[in-house]
Amino acid sequence: MSADAARTAHPETSTDTSAAEASAAVETAIAGLSFGANDLMPAMVQDDDSGDVLMLAWMDAEAVRRTLTTGRVTYWSRSRGEYWRKGDTSGHRQYVRSVAADCDGDTLLVRVVQVGAACHTGTRTCFDGRELPVVVGSPNAE
């Protein structure tokens, strides 16, 4: 019997195999990451449509696992010492569109569909209205 015929005859086997393969792929991806102090890594969060940087939060391996497998973003709260899924208490949810590691594997870029404010202060991003004074550089100046 061909593999296709076997999957047709026993569709649960195909689903179980696909789930096992997906789980293995997630675990392999997590194993390739470099977690720093307290087994955490920064996760930069970007709006998938606008490209706006929304916030920075922290993830450990379990938060990454939950994010990769649920479609919603989970973080580790350093101040509360617990996991939090964005929006569970505020209603300001984040739906995962993609997750990428940087070249060193020690920072994540999480692209999301943001529903409501991303910042705990109620602003769209954690960077709204918080610009610092700066000397603007120019590549033509040198």
# chains A, B, ... in the order shown; residues from 1 in each chain; ligands from 1
>>> residues_around(residues="Val53 of chain A", least_positions_apart="3", cutoff="10 Å", atoms="only C-alpha atoms", output="count of residues only")
16
>>> residues_around(residues="segment 18-34 of chain A", least_positions_apart="3", cutoff="10 Å", atoms="only C-alpha atoms", output="PyMOL selection string")
chain A and resi 12-15+39-41+60-62+64-66+68-69+101-102+104-108
>>> write_last_selection(atoms="C-alpha atoms", output="mmCIF file, in the first residue's frame")
data_model
loop_
_atom_site.group_PDB
_atom_site.id
_atom_site.type_symbol
_atom_site.label_atom_id
_atom_site.label_comp_id
_atom_site.auth_asym_id
_atom_site.auth_seq_id
_atom_site.Cartn_x
_atom_site.Cartn_y
_atom_site.Cartn_z
ATOM 1 C CA GLU A 12 -5.640 9.852 12.236
ATOM 2 C CA THR A 13 -2.150 8.442 11.592
ATOM 3 C CA SER A 14 -1.461 11.258 9.142
ATOM 4 C CA THR A 15 -2.703 13.852 11.637
ATOM 5 C CA ASP A 39 17.037 32.003 30.580
ATOM 6 C CA LEU A 40 15.258 34.916 28.859
ATOM 7 C CA MET A 41 15.568 36.597 25.482
ATOM 8 C CA ASP A 60 11.826 31.987 27.915
ATOM 9 C CA ALA A 61 11.678 28.664 26.070
ATOM 10 C CA GLU A 62 8.137 27.913 27.268
ATOM 11 C CA VAL A 64 8.396 30.799 22.772
ATOM 12 C CA ARG A 65 6.820 27.331 22.608
ATOM 13 C CA ARG A 66 3.371 28.714 23.483
ATOM 14 C CA LEU A 68 4.799 29.210 18.168
ATOM 15 C CA THR A 69 2.001 26.722 18.817
ATOM 16 C CA ALA A 101 15.323 34.862 15.296
ATOM 17 C CA ASP A 102 18.172 37.273 14.640
ATOM 18 C CA ASP A 104 22.824 35.180 16.744
ATOM 19 C CA GLY A 105 19.613 33.472 17.815
ATOM 20 C CA ASP A 106 19.392 35.636 20.920
ATOM 21 C CA THR A 107 16.600 38.047 19.953
ATOM 22 C CA LEU A 108 13.211 37.422 18.386
#
>>> select_by_dssp(residues="chain A", states="strand (DSSP E)", output="JSON, numbers by chain")
{"A": [41, 42, 43, 44, 45, 46, 47, 53, 54, 55, 56, 57, 58, 59, 74, 75, 76, 77, 82, 83, 84, 85, 94, 95, 96, 97, 98, 99, 100, 101, 108, 109, 110, 111, 112, 113, 114]}
>>> write_last_selection(atoms="N, CA and C atoms", output="short mmCIF file (atom, residue, chain, number, x, y, z; two decimals), in the first residue's frame")
data_model
loop_
_atom_site.label_atom_id
_atom_site.label_comp_id
_atom_site.auth_asym_id
_atom_site.auth_seq_id
_atom_site.Cartn_x
_atom_site.Cartn_y
_atom_site.Cartn_z
N MET A 41 15.09 35.87 26.66
CA MET A 41 15.57 36.60 25.48
C MET A 41 14.57 37.70 25.16
N PRO A 42 15.06 38.81 24.60
CA PRO A 42 14.14 39.88 24.21
C PRO A 42 13.36 39.51 22.97
N ALA A 43 12.11 39.94 22.96
CA ALA A 43 11.24 39.75 21.80
C ALA A 43 10.72 41.12 21.37
N MET A 44 11.20 41.59 20.22
CA MET A 44 10.70 42.82 19.65
C MET A 44 9.40 42.49 18.93
N VAL A 45 8.38 43.31 19.16
CA VAL A 45 7.08 43.04 18.57
C VAL A 45 6.75 44.13 17.56
N GLN A 46 6.39 43.71 16.36
CA GLN A 46 6.16 44.63 15.25
C GLN A 46 4.78 44.37 14.66
N ASP A 47 4.07 45.45 14.33
CA ASP A 47 2.77 45.34 13.68
C ASP A 47 3.00 44.80 12.26
N VAL A 53 7.03 49.38 15.34
CA VAL A 53 7.54 48.62 16.48
C VAL A 53 6.60 48.91 17.64
N LEU A 54 6.00 47.86 18.17
CA LEU A 54 4.97 48.04 19.20
C LEU A 54 5.53 47.99 20.61
N MET A 55 6.39 47.04 20.87
CA MET A 55 6.86 46.85 22.24
C MET A 55 8.05 45.90 22.26
N LEU A 56 8.67 45.80 23.42
CA LEU A 56 9.70 44.81 23.70
C LEU A 56 9.25 44.06 24.94
N ALA A 57 9.35 42.76 24.92
CA ALA A 57 9.02 41.95 26.09
C ALA A 57 10.02 40.80 26.16
N TRP A 58 9.86 39.94 27.13
CA TRP A 58 10.82 38.86 27.37
C TRP A 58 10.15 37.52 27.25
N MET A 59 10.90 36.55 26.70
CA MET A 59 10.41 35.18 26.55
C MET A 59 11.46 34.20 27.05
N THR A 74 2.73 34.84 23.94
CA THR A 74 2.91 34.66 25.38
C THR A 74 4.29 35.19 25.76
N TYR A 75 4.36 35.88 26.88
CA TYR A 75 5.61 36.44 27.39
C TYR A 75 5.86 35.93 28.81
N TRP A 76 7.08 36.18 29.30
CA TRP A 76 7.41 35.95 30.69
C TRP A 76 7.49 37.32 31.36
N SER A 77 6.71 37.51 32.40
CA SER A 77 6.74 38.77 33.14
C SER A 77 7.82 38.70 34.20
N GLU A 82 5.64 35.35 36.13
CA GLU A 82 4.66 34.42 35.57
C GLU A 82 4.47 34.69 34.09
N TYR A 83 3.87 33.72 33.41
CA TYR A 83 3.56 33.90 31.99
C TYR A 83 2.36 34.80 31.85
N TRP A 84 2.35 35.58 30.78
CA TRP A 84 1.16 36.37 30.44
C TRP A 84 0.96 36.35 28.95
N ARG A 85 -0.27 36.10 28.60
CA ARG A 85 -0.65 36.12 27.20
C ARG A 85 -1.27 37.47 26.93
N GLN A 94 -2.72 40.13 20.80
CA GLN A 94 -1.75 40.02 19.70
C GLN A 94 -1.88 38.65 19.08
N TYR A 95 -2.08 38.63 17.75
CA TYR A 95 -2.18 37.39 17.00
C TYR A 95 -0.92 37.23 16.16
N VAL A 96 -0.26 36.12 16.29
CA VAL A 96 1.03 35.86 15.65
C VAL A 96 0.88 35.75 14.14
N ARG A 97 1.75 36.45 13.41
CA ARG A 97 1.85 36.29 11.97
C ARG A 97 3.17 35.63 11.59
N SER A 98 4.25 35.94 12.32
CA SER A 98 5.53 35.26 12.10
C SER A 98 6.44 35.52 13.29
N VAL A 99 7.41 34.63 13.44
CA VAL A 99 8.44 34.79 14.46
C VAL A 99 9.76 34.47 13.79
N ALA A 100 10.74 35.35 13.97
CA ALA A 100 12.07 35.13 13.39
C ALA A 100 13.12 35.41 14.46
N ALA A 101 14.18 34.63 14.42
CA ALA A 101 15.32 34.86 15.30
C ALA A 101 16.35 35.70 14.54
N LEU A 108 14.29 37.78 19.29
CA LEU A 108 13.21 37.42 18.39
C LEU A 108 12.51 38.65 17.84
N LEU A 109 12.04 38.54 16.62
CA LEU A 109 11.16 39.54 16.02
C LEU A 109 9.82 38.84 15.82
N VAL A 110 8.82 39.34 16.53
CA VAL A 110 7.48 38.74 16.48
C VAL A 110 6.58 39.72 15.74
N ARG A 111 6.08 39.30 14.60
CA ARG A 111 5.16 40.14 13.82
C ARG A 111 3.74 39.70 14.16
N VAL A 112 2.89 40.71 14.47
CA VAL A 112 1.56 40.41 14.98
C VAL A 112 0.49 41.27 14.33
N VAL A 113 -0.74 40.81 14.47
CA VAL A 113 -1.90 41.66 14.28
C VAL A 113 -2.25 42.14 15.68
N GLN A 114 -2.15 43.44 15.90
CA GLN A 114 -2.42 44.03 17.21
C GLN A 114 -3.86 44.50 17.27
#
>>> select_by_dssp(residues="segment 19-87 of chain A", states="helix (DSSP H, G or I)", output="tab-separated table (two decimals) with N, CA and C atoms, in the first residue's frame")
chain	number	residue	atom	x	y	z
A	19	ALA	N	1.30	16.27	13.49
A	19	ALA	CA	1.42	16.94	14.79
A	19	ALA	C	2.77	16.65	15.42
A	20	ALA	N	3.21	15.41	15.32
A	20	ALA	CA	4.52	15.04	15.88
A	20	ALA	C	5.64	15.75	15.15
A	21	GLU	N	5.52	15.84	13.82
A	21	GLU	CA	6.54	16.54	13.03
A	21	GLU	C	6.56	18.03	13.37
A	22	ALA	N	5.38	18.63	13.52
A	22	ALA	CA	5.31	20.06	13.87
A	22	ALA	C	5.90	20.29	15.25
A	23	SER	N	5.58	19.42	16.19
A	23	SER	CA	6.12	19.53	17.55
A	23	SER	C	7.64	19.40	17.54
A	24	ALA	N	8.14	18.45	16.77
A	24	ALA	CA	9.60	18.26	16.67
A	24	ALA	C	10.26	19.49	16.05
A	25	ALA	N	9.61	20.08	15.03
A	25	ALA	CA	10.17	21.28	14.39
A	25	ALA	C	10.22	22.44	15.38
A	26	VAL	N	9.18	22.59	16.20
A	26	VAL	CA	9.17	23.65	17.22
A	26	VAL	C	10.30	23.42	18.22
A	27	GLU	N	10.44	22.20	18.69
A	27	GLU	CA	11.48	21.90	19.68
A	27	GLU	C	12.88	22.12	19.10
A	28	THR	N	13.07	21.77	17.84
A	28	THR	CA	14.35	22.00	17.17
A	28	THR	C	14.63	23.50	17.07
A	29	ALA	N	13.61	24.28	16.72
A	29	ALA	CA	13.77	25.73	16.62
A	29	ALA	C	14.14	26.33	17.98
A	30	ILE	N	13.46	25.91	19.02
A	30	ILE	CA	13.74	26.43	20.36
A	30	ILE	C	15.14	26.05	20.81
A	31	ALA	N	15.55	24.82	20.51
A	31	ALA	CA	16.89	24.36	20.89
A	31	ALA	C	17.99	25.18	20.21
A	37	ALA	N	20.55	35.86	30.35
A	37	ALA	CA	20.39	35.91	31.80
A	37	ALA	C	18.98	35.47	32.18
A	38	ASN	N	18.89	34.65	33.22
A	38	ASN	CA	17.61	34.13	33.71
A	38	ASN	C	16.87	33.32	32.64
A	39	ASP	N	17.62	32.81	31.67
A	39	ASP	CA	17.04	32.00	30.58
A	39	ASP	C	15.97	32.76	29.79
A	61	ALA	N	11.98	29.71	27.04
A	61	ALA	CA	11.68	28.66	26.07
A	61	ALA	C	10.19	28.31	26.06
A	62	GLU	N	9.56	28.27	27.22
A	62	GLU	CA	8.14	27.91	27.27
A	62	GLU	C	7.27	29.00	26.63
A	63	ALA	N	7.60	30.26	26.84
A	63	ALA	CA	6.84	31.35	26.21
A	63	ALA	C	6.99	31.28	24.69
A	64	VAL	N	8.19	30.97	24.22
A	64	VAL	CA	8.40	30.80	22.77
A	64	VAL	C	7.55	29.63	22.27
A	65	ARG	N	7.59	28.52	22.99
A	65	ARG	CA	6.82	27.33	22.61
A	65	ARG	C	5.33	27.67	22.50
A	66	ARG	N	4.80	28.34	23.50
A	66	ARG	CA	3.37	28.71	23.48
A	66	ARG	C	3.06	29.66	22.33
A	67	THR	N	3.96	30.60	22.07
A	67	THR	CA	3.76	31.55	20.98
A	67	THR	C	3.76	30.85	19.63
A	68	LEU	N	4.68	29.91	19.45
A	68	LEU	CA	4.80	29.21	18.17
A	68	LEU	C	3.65	28.23	17.92
A	69	THR	N	2.99	27.79	18.98
A	69	THR	CA	2.00	26.72	18.82
A	69	THR	C	0.56	27.12	19.06
A	70	THR	N	0.30	28.38	19.46
A	70	THR	CA	-1.08	28.75	19.79
A	70	THR	C	-1.68	29.84	18.92
